[in-house]
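Q: Input file: data_30.cif. Contents: mmCIF, N, CA and C atoms.
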```cif
data_run
#
loop_
_atom_site.group_PDB
_atom_site.id
_atom_site.type_symbol
_atom_site.label_atom_id
_atom_site.label_comp_id
_atom_site.auth_asym_id
_atom_site.auth_seq_id
_atom_site.Cartn_x
_atom_site.Cartn_y
_atom_site.Cartn_z
ATOM 1 N N MET V 1 -71.097 -78.425 -19.319
ATOM 2 C CA MET V 1 -70.137 -78.519 -20.398
ATOM 3 C C MET V 1 -70.346 -77.387 -21.398
ATOM 4 N N ILE V 2 -71.591 -77.125 -21.736
ATOM 5 C CA ILE V 2 -71.897 -76.069 -22.679
ATOM 6 C C ILE V 2 -71.514 -74.722 -22.089
ATOM 7 N N ASN V 3 -71.674 -74.564 -20.796
ATOM 8 C CA ASN V 3 -71.301 -73.318 -20.134
ATOM 9 C C ASN V 3 -69.792 -73.085 -20.236
ATOM 10 N N CYS V 4 -69.013 -74.143 -20.161
ATOM 11 C CA CYS V 4 -67.552 -74.017 -20.275
ATOM 12 C C CYS V 4 -67.162 -73.548 -21.675
ATOM 13 N N LEU V 5 -67.856 -74.045 -22.682
ATOM 14 C CA LEU V 5 -67.541 -73.644 -24.053
ATOM 15 C C LEU V 5 -67.909 -72.190 -24.309
ATOM 16 N N LYS V 6 -68.913 -71.697 -23.573
ATOM 17 C CA LYS V 6 -69.297 -70.299 -23.719
ATOM 18 C C LYS V 6 -68.239 -69.371 -23.120
ATOM 19 N N CYS V 7 -67.500 -69.846 -22.130
ATOM 20 C CA CYS V 7 -66.487 -69.026 -21.462
ATOM 21 C C CYS V 7 -65.222 -68.864 -22.301
ATOM 22 N N ILE V 8 -65.013 -69.730 -23.250
ATOM 23 C CA ILE V 8 -63.794 -69.679 -24.058
ATOM 24 C C ILE V 8 -63.886 -68.534 -25.050
ATOM 25 N N ASP V 9 -62.798 -67.782 -25.158
ATOM 26 C CA ASP V 9 -62.734 -66.685 -26.127
ATOM 27 C C ASP V 9 -62.185 -67.269 -27.427
ATOM 28 N N TRP V 10 -63.084 -67.534 -28.373
ATOM 29 C CA TRP V 10 -62.706 -68.211 -29.608
ATOM 30 C C TRP V 10 -61.834 -67.332 -30.498
ATOM 31 N N LYS V 11 -61.957 -66.046 -30.364
ATOM 32 C CA LYS V 11 -61.152 -65.140 -31.168
ATOM 33 C C LYS V 11 -59.665 -65.304 -30.820
ATOM 34 N N LYS V 12 -59.363 -65.339 -29.533
ATOM 35 C CA LYS V 12 -57.972 -65.506 -29.106
ATOM 36 C C LYS V 12 -57.435 -66.885 -29.499
ATOM 37 N N GLY V 13 -58.260 -67.891 -29.395
ATOM 38 C CA GLY V 13 -57.853 -69.235 -29.800
ATOM 39 C C GLY V 13 -57.574 -69.316 -31.289
ATOM 40 N N GLY V 14 -58.432 -68.653 -32.073
ATOM 41 C CA GLY V 14 -58.230 -68.635 -33.525
ATOM 42 C C GLY V 14 -56.946 -67.902 -33.903
ATOM 43 N N ILE V 15 -56.680 -66.812 -33.204
ATOM 44 C CA ILE V 15 -55.437 -66.071 -33.473
ATOM 45 C C ILE V 15 -54.228 -66.933 -33.124
ATOM 46 N N PHE V 16 -54.309 -67.670 -32.006
ATOM 47 C CA PHE V 16 -53.219 -68.557 -31.626
ATOM 48 C C PHE V 16 -53.004 -69.645 -32.669
ATOM 49 N N ALA V 17 -54.071 -70.264 -33.122
ATOM 50 C CA ALA V 17 -53.965 -71.329 -34.127
ATOM 51 C C ALA V 17 -53.394 -70.787 -35.437
ATOM 52 N N ALA V 18 -53.838 -69.597 -35.838
ATOM 53 C CA ALA V 18 -53.305 -68.998 -37.061
ATOM 54 C C ALA V 18 -51.812 -68.704 -36.909
ATOM 55 N N GLY V 19 -51.411 -68.286 -35.718
ATOM 56 C CA GLY V 19 -49.995 -68.030 -35.448
ATOM 57 C C GLY V 19 -49.157 -69.286 -35.548
ATOM 58 N N VAL V 20 -49.682 -70.389 -35.030
ATOM 59 C CA VAL V 20 -48.968 -71.669 -35.108
ATOM 60 C C VAL V 20 -48.826 -72.100 -36.564
ATOM 61 N N ILE V 21 -49.895 -71.980 -37.330
ATOM 62 C CA ILE V 21 -49.849 -72.373 -38.749
ATOM 63 C C ILE V 21 -48.891 -71.475 -39.520
ATOM 64 N N PHE V 22 -48.993 -70.174 -39.277
ATOM 65 C CA PHE V 22 -48.109 -69.231 -39.967
ATOM 66 C C PHE V 22 -46.646 -69.473 -39.583
ATOM 67 N N GLY V 23 -46.409 -69.777 -38.319
ATOM 68 C CA GLY V 23 -45.047 -70.054 -37.864
ATOM 69 C C GLY V 23 -44.469 -71.294 -38.525
ATOM 70 N N THR V 24 -45.273 -72.339 -38.641
ATOM 71 C CA THR V 24 -44.828 -73.571 -39.288
ATOM 72 C C THR V 24 -44.524 -73.314 -40.765
ATOM 73 N N ALA V 25 -45.421 -72.596 -41.438
ATOM 74 C CA ALA V 25 -45.190 -72.274 -42.850
ATOM 75 C C ALA V 25 -43.990 -71.345 -42.982
ATOM 76 N N GLY V 26 -43.827 -70.429 -42.047
ATOM 77 C CA GLY V 26 -42.702 -69.504 -42.075
ATOM 78 C C GLY V 26 -41.369 -70.214 -41.963
ATOM 79 N N ILE V 27 -41.300 -71.220 -41.116
ATOM 80 C CA ILE V 27 -40.064 -71.989 -40.968
ATOM 81 C C ILE V 27 -39.715 -72.679 -42.287
ATOM 82 N N ARG V 28 -40.702 -73.226 -42.946
ATOM 83 C CA ARG V 28 -40.453 -73.879 -44.237
ATOM 84 C C ARG V 28 -39.996 -72.869 -45.283
ATOM 85 N N LEU V 29 -40.616 -71.691 -45.283
ATOM 86 C CA LEU V 29 -40.210 -70.659 -46.253
ATOM 87 C C LEU V 29 -38.792 -70.179 -45.976
ATOM 88 N N LEU V 30 -38.471 -69.982 -44.707
ATOM 89 C CA LEU V 30 -37.155 -69.460 -44.353
ATOM 90 C C LEU V 30 -36.032 -70.469 -44.589
ATOM 91 N N SER V 31 -36.353 -71.733 -44.639
ATOM 92 C CA SER V 31 -35.322 -72.750 -44.864
ATOM 93 C C SER V 31 -35.294 -73.241 -46.316
ATOM 94 N N SER V 32 -36.022 -72.588 -47.209
ATOM 95 C CA SER V 32 -36.046 -73.008 -48.612
ATOM 96 C C SER V 32 -34.778 -72.563 -49.336
ATOM 97 N N LYS V 33 -34.557 -73.110 -50.524
ATOM 98 C CA LYS V 33 -33.375 -72.775 -51.321
ATOM 99 C C LYS V 33 -33.391 -71.312 -51.763
ATOM 100 N N ASP V 34 -34.559 -70.811 -52.112
ATOM 101 C CA ASP V 34 -34.670 -69.405 -52.524
ATOM 102 C C ASP V 34 -34.305 -68.468 -51.371
ATOM 103 N N ALA V 35 -34.793 -68.801 -50.181
ATOM 104 C CA ALA V 35 -34.478 -67.973 -49.022
ATOM 105 C C ALA V 35 -32.985 -68.027 -48.729
ATOM 106 N N ARG V 36 -32.397 -69.186 -48.879
ATOM 107 C CA ARG V 36 -30.954 -69.323 -48.642
ATOM 108 C C ARG V 36 -30.175 -68.452 -49.616
ATOM 109 N N LYS V 37 -30.636 -68.377 -50.858
ATOM 110 C CA LYS V 37 -29.981 -67.532 -51.854
ATOM 111 C C LYS V 37 -30.071 -66.060 -51.442
ATOM 112 N N VAL V 38 -31.232 -65.647 -50.943
ATOM 113 C CA VAL V 38 -31.411 -64.277 -50.478
ATOM 114 C C VAL V 38 -30.480 -63.986 -49.306
ATOM 115 N N TYR V 39 -30.355 -64.931 -48.369
ATOM 116 C CA TYR V 39 -29.463 -64.745 -47.223
ATOM 117 C C TYR V 39 -28.016 -64.609 -47.686
ATOM 118 N N THR V 40 -27.635 -65.435 -48.643
ATOM 119 C CA THR V 40 -26.269 -65.406 -49.155
ATOM 120 C C THR V 40 -25.968 -64.067 -49.824
ATOM 121 N N CYS V 41 -26.893 -63.589 -50.645
ATOM 122 C CA CYS V 41 -26.702 -62.290 -51.309
ATOM 123 C C CYS V 41 -26.649 -61.160 -50.287
ATOM 124 N N GLY V 42 -27.481 -61.244 -49.279
ATOM 125 C CA GLY V 42 -27.464 -60.230 -48.214
ATOM 126 C C GLY V 42 -26.157 -60.224 -47.452
ATOM 127 N N ALA V 43 -25.643 -61.421 -47.131
ATOM 128 C CA ALA V 43 -24.371 -61.515 -46.423
ATOM 129 C C ALA V 43 -23.237 -60.980 -47.289
ATOM 130 N N ALA V 44 -23.281 -61.253 -48.592
ATOM 131 C CA ALA V 44 -22.252 -60.748 -49.501
ATOM 132 C C ALA V 44 -22.290 -59.217 -49.546
ATOM 133 N N ALA V 45 -23.478 -58.638 -49.554
ATOM 134 C CA ALA V 45 -23.603 -57.173 -49.564
ATOM 135 C C ALA V 45 -23.057 -56.580 -48.274
ATOM 136 N N VAL V 46 -23.313 -57.221 -47.157
ATOM 137 C CA VAL V 46 -22.783 -56.749 -45.881
ATOM 138 C C VAL V 46 -21.257 -56.809 -45.879
ATOM 139 N N LEU V 47 -20.695 -57.874 -46.420
ATOM 140 C CA LEU V 47 -19.235 -57.988 -46.480
ATOM 141 C C LEU V 47 -18.625 -56.915 -47.380
ATOM 142 N N ARG V 48 -19.296 -56.612 -48.508
ATOM 143 C CA ARG V 48 -18.813 -55.534 -49.374
ATOM 144 C C ARG V 48 -18.858 -54.197 -48.644
ATOM 145 N N GLY V 49 -19.925 -53.976 -47.902
ATOM 146 C CA GLY V 49 -20.042 -52.747 -47.121
ATOM 147 C C GLY V 49 -18.964 -52.649 -46.065
ATOM 148 N N LYS V 50 -18.661 -53.761 -45.419
ATOM 149 C CA LYS V 50 -17.614 -53.782 -44.406
ATOM 150 C C LYS V 50 -16.270 -53.439 -45.035
ATOM 151 N N GLU V 51 -15.990 -54.010 -46.195
ATOM 152 C CA GLU V 51 -14.731 -53.747 -46.896
ATOM 153 C C GLU V 51 -14.610 -52.261 -47.235
ATOM 154 N N TYR V 52 -15.696 -51.663 -47.714
ATOM 155 C CA TYR V 52 -15.708 -50.243 -48.065
ATOM 156 C C TYR V 52 -15.430 -49.379 -46.827
ATOM 157 N N VAL V 53 -16.100 -49.701 -45.726
ATOM 158 C CA VAL V 53 -15.919 -48.936 -44.495
ATOM 159 C C VAL V 53 -14.483 -49.077 -43.985
ATOM 160 N N MET V 54 -13.955 -50.279 -44.001
ATOM 161 C CA MET V 54 -12.591 -50.495 -43.503
ATOM 162 C C MET V 54 -11.566 -49.756 -44.368
ATOM 163 N N ARG V 55 -11.792 -49.704 -45.675
ATOM 164 C CA ARG V 55 -10.883 -48.975 -46.564
ATOM 165 C C ARG V 55 -10.905 -47.480 -46.210
ATOM 166 N N ASN V 56 -12.090 -46.931 -45.984
ATOM 167 C CA ASN V 56 -12.205 -45.521 -45.627
ATOM 168 C C ASN V 56 -11.629 -45.231 -44.251
ATOM 169 N N VAL V 57 -11.806 -46.157 -43.319
ATOM 170 C CA VAL V 57 -11.229 -45.978 -41.983
ATOM 171 C C VAL V 57 -9.715 -45.958 -42.071
ATOM 172 N N SER V 58 -9.140 -46.834 -42.876
ATOM 173 C CA SER V 58 -7.688 -46.855 -43.036
ATOM 174 C C SER V 58 -7.189 -45.547 -43.636
ATOM 175 N N LEU V 59 -7.885 -45.039 -44.630
ATOM 176 C CA LEU V 59 -7.508 -43.771 -45.254
ATOM 177 C C LEU V 59 -7.594 -42.629 -44.244
ATOM 178 N N LEU V 60 -8.647 -42.597 -43.473
ATOM 179 C CA LEU V 60 -8.821 -41.564 -42.460
ATOM 180 C C LEU V 60 -7.725 -41.647 -41.404
ATOM 181 N N GLN V 61 -7.370 -42.856 -41.010
ATOM 182 C CA GLN V 61 -6.323 -43.043 -40.008
ATOM 183 C C GLN V 61 -4.977 -42.561 -40.540
ATOM 184 N N GLU V 62 -4.677 -42.869 -41.806
ATOM 185 C CA GLU V 62 -3.423 -42.402 -42.401
ATOM 186 C C GLU V 62 -3.382 -40.876 -42.440
ATOM 187 N N ASN V 63 -4.489 -40.254 -42.812
ATOM 188 C CA ASN V 63 -4.543 -38.793 -42.847
ATOM 189 C C ASN V 63 -4.362 -38.205 -41.453
ATOM 190 N N ALA V 64 -4.972 -38.821 -40.463
ATOM 191 C CA ALA V 64 -4.835 -38.337 -39.094
ATOM 192 C C ALA V 64 -3.386 -38.457 -38.619
ATOM 193 N N GLU V 65 -2.708 -39.535 -38.989
ATOM 194 C CA GLU V 65 -1.303 -39.695 -38.619
ATOM 195 C C GLU V 65 -0.446 -38.620 -39.278
ATOM 196 N N ASP V 66 -0.733 -38.300 -40.544
ATOM 197 C CA ASP V 66 0.004 -37.242 -41.239
ATOM 198 C C ASP V 66 -0.211 -35.892 -40.563
ATOM 199 N N ILE V 67 -1.444 -35.606 -40.212
ATOM 200 C CA ILE V 67 -1.766 -34.343 -39.546
ATOM 201 C C ILE V 67 -1.049 -34.260 -38.207
ATOM 202 N N LEU V 68 -1.047 -35.358 -37.452
ATOM 203 C CA LEU V 68 -0.370 -35.388 -36.164
ATOM 204 C C LEU V 68 1.128 -35.146 -36.326
ATOM 205 N N ALA V 69 1.735 -35.790 -37.314
ATOM 206 C CA ALA V 69 3.167 -35.605 -37.549
ATOM 207 C C ALA V 69 3.486 -34.154 -37.914
ATOM 208 N N GLU V 70 2.663 -33.538 -38.765
ATOM 209 C CA GLU V 70 2.884 -32.142 -39.141
ATOM 210 C C GLU V 70 2.697 -31.218 -37.937
ATOM 211 N N ALA V 71 1.704 -31.498 -37.100
ATOM 212 C CA ALA V 71 1.469 -30.676 -35.910
ATOM 213 C C ALA V 71 2.648 -30.776 -34.948
ATOM 214 N N GLU V 72 3.192 -31.981 -34.773
ATOM 215 C CA GLU V 72 4.356 -32.145 -33.899
ATOM 216 C C GLU V 72 5.558 -31.393 -34.461
ATOM 217 N N GLN V 73 5.727 -31.429 -35.776
ATOM 218 C CA GLN V 73 6.823 -30.709 -36.405
ATOM 219 C C GLN V 73 6.673 -29.199 -36.205
ATOM 220 N N ILE V 74 5.464 -28.691 -36.357
ATOM 221 C CA ILE V 74 5.214 -27.258 -36.146
ATOM 222 C C ILE V 74 5.545 -26.883 -34.701
ATOM 223 N N ASN V 75 5.141 -27.703 -33.761
ATOM 224 C CA ASN V 75 5.428 -27.411 -32.354
ATOM 225 C C ASN V 75 6.930 -27.438 -32.069
ATOM 226 N N GLU V 76 7.641 -28.375 -32.673
ATOM 227 C CA GLU V 76 9.090 -28.429 -32.482
ATOM 228 C C GLU V 76 9.761 -27.188 -33.059
ATOM 229 N N GLU V 77 9.333 -26.759 -34.245
ATOM 230 C CA GLU V 77 9.901 -25.555 -34.849
ATOM 231 C C GLU V 77 9.598 -24.334 -33.992
ATOM 232 N N ARG V 78 8.414 -24.284 -33.437
ATOM 233 C CA ARG V 78 8.045 -23.151 -32.590
ATOM 234 C C ARG V 78 8.890 -23.125 -31.320
ATOM 235 N N LYS V 79 9.112 -24.300 -30.724
ATOM 236 C CA LYS V 79 9.961 -24.367 -29.530
ATOM 237 C C LYS V 79 11.379 -23.922 -29.856
ATOM 238 N N ALA V 80 11.883 -24.335 -31.026
ATOM 239 C CA ALA V 80 13.235 -23.940 -31.428
ATOM 240 C C ALA V 80 13.311 -22.423 -31.612
ATOM 241 N N ARG V 81 12.276 -21.839 -32.233
ATOM 242 C CA ARG V 81 12.248 -20.378 -32.414
ATOM 243 C C ARG V 81 12.184 -19.667 -31.077
ATOM 244 N N GLU V 82 11.367 -20.192 -30.161
ATOM 245 C CA GLU V 82 11.254 -19.582 -28.842
ATOM 246 C C GLU V 82 12.575 -19.653 -28.088
ATOM 247 N N ALA V 83 13.261 -20.797 -28.230
ATOM 248 C CA ALA V 83 14.564 -20.926 -27.571
ATOM 249 C C ALA V 83 15.563 -19.942 -28.167
ATOM 250 N N ALA V 84 15.553 -19.775 -29.489
ATOM 251 C CA ALA V 84 16.455 -18.821 -30.138
ATOM 252 C C ALA V 84 16.085 -17.398 -29.755
ATOM 253 N N ASN V 85 14.806 -17.119 -29.647
ATOM 254 C CA ASN V 85 14.354 -15.778 -29.272
ATOM 255 C C ASN V 85 14.652 -15.469 -27.812
ATOM 256 N N ALA V 86 14.696 -16.482 -26.972
ATOM 257 C CA ALA V 86 15.004 -16.271 -25.563
ATOM 258 C C ALA V 86 16.421 -15.733 -25.409
ATOM 259 N N HIS V 87 17.326 -16.160 -26.298
ATOM 260 C CA HIS V 87 18.706 -15.676 -26.238
ATOM 261 C C HIS V 87 18.799 -14.230 -26.717
ATOM 262 N N THR V 88 17.934 -13.858 -27.664
ATOM 263 C CA THR V 88 17.977 -12.487 -28.201
ATOM 264 C C THR V 88 17.075 -11.548 -27.423
ATOM 265 N N GLY V 89 16.207 -12.087 -26.553
ATOM 266 C CA GLY V 89 15.308 -11.251 -25.775
ATOM 267 C C GLY V 89 14.062 -10.862 -26.538
ATOM 268 N N GLU V 90 13.826 -11.454 -27.681
ATOM 269 C CA GLU V 90 12.677 -11.126 -28.520
ATOM 270 C C GLU V 90 11.522 -12.066 -28.170
ATOM 271 N N THR V 91 10.291 -11.571 -28.181
ATOM 272 C CA THR V 91 9.140 -12.435 -27.918
ATOM 273 C C THR V 91 8.764 -13.188 -29.188
ATOM 274 N N THR V 92 7.975 -14.211 -29.042
ATOM 275 C CA THR V 92 7.555 -15.025 -30.186
ATOM 276 C C THR V 92 6.740 -14.193 -31.161
ATOM 277 N N GLU V 93 5.861 -13.343 -30.632
ATOM 278 C CA GLU V 93 5.033 -12.505 -31.499
ATOM 279 C C GLU V 93 5.888 -11.545 -32.315
ATOM 280 N N GLN V 94 6.905 -10.970 -31.698
ATOM 281 C CA GLN V 94 7.781 -10.048 -32.408
ATOM 282 C C GLN V 94 8.547 -10.772 -33.510
ATOM 283 N N ALA V 95 9.006 -11.991 -33.211
ATOM 284 C CA ALA V 95 9.732 -12.773 -34.217
ATOM 285 C C ALA V 95 8.822 -13.145 -35.369
ATOM 286 N N GLU V 96 7.555 -13.491 -35.068
ATOM 287 C CA GLU V 96 6.620 -13.835 -36.151
ATOM 288 C C GLU V 96 6.321 -12.617 -37.006
ATOM 289 N N GLU V 97 6.193 -11.443 -36.387
ATOM 290 C CA GLU V 97 5.957 -10.219 -37.146
ATOM 291 C C GLU V 97 7.160 -9.895 -38.054
ATOM 292 N N ALA V 98 8.343 -10.098 -37.522
ATOM 293 C CA ALA V 98 9.545 -9.825 -38.283
ATOM 294 C C ALA V 98 9.660 -10.777 -39.472
ATOM 295 N N SER V 99 9.345 -12.059 -39.269
ATOM 296 C CA SER V 99 9.439 -13.007 -40.362
ATOM 297 C C SER V 99 8.353 -12.743 -41.404
ATOM 298 N N ALA V 100 7.186 -12.240 -40.964
ATOM 299 C CA ALA V 100 6.117 -11.915 -41.902
ATOM 300 C C ALA V 100 6.493 -10.708 -42.747
ATOM 301 N N GLU V 101 7.204 -9.754 -42.146
ATOM 302 C CA GLU V 101 7.651 -8.560 -42.888
ATOM 303 C C GLU V 101 8.718 -8.910 -43.914
ATOM 304 N N GLU V 102 9.559 -9.908 -43.600
ATOM 305 C CA GLU V 102 10.607 -10.323 -44.522
ATOM 306 C C GLU V 102 10.022 -10.973 -45.775
ATOM 307 N N GLU V 103 8.911 -11.647 -45.631
ATOM 308 C CA GLU V 103 8.292 -12.340 -46.766
ATOM 309 C C GLU V 103 7.609 -11.354 -47.627
#
```
Starting from the coordinates I provided, produce the structure as structure tokens.
A:
Amino acid sequence: MINCLKCIDWKKGGIFAAGVIFGTAGIRLLSSKDARKVYTCGAAAVLRGKEYVMRNVSLLQENAEDILAEAEQINEERKAREAANAHTGETTEQAEEASAEEE
């Protein structure tokens, strides 16, 4: 019997017991009213952060839509100029140079 007790690693057993005690105390601490208040404040901060991010995402999306619309308009104007230049035999570069000289 004494030989069996010598084989036991008491350090590991003590660490296990301390873990069980700490875990039990930890559960009580985490379920206390003060801890609940901390969780609530943390969740509120996360929600505020989410609102801020969503507002910025919406703004970025609106700007991207505006940029896309302007780019499509530029392409349409360029196609119209190219079509008009095709009738006159002028290249796009020549027409752009001519319009730059007029300004």
Q: How many Å lie between atom C of Gly26 of chain V and atom N of Val38 of chain V, rounded to one decimal?
A: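 Interatomic distance here is 14.3 Å.
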Q: Give the padded box for segment 73-85 of chain V as JSON: axis-aligned, covering all atoms listed in the file, 5 Å on each side, centre and edge lengths in Å to one decimal.
A:
```
{"center_x": 10.8, "center_y": -23.4, "center_z": -32.0, "size_x": 21.3, "size_y": 26.0, "size_z": 18.8}
```
Q: Mind giving me the straight-line distance from atom N of Lys50 of chain V to atom CA of Ile67 of chain V in Å, one decimal?
A: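 Going from atom N of Lys50 of chain V over to atom CA of Ile67 of chain V covers 26.4 Å.
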Q: Mind pulling up the distance from atom CA of Glu70 of chain V to atom CA of Asn85 of chain V?
A: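 Spanning atom CA of Asn85 of chain V to atom CA of Glu70 of chain V is a straight-line distance of 22.3 Å.
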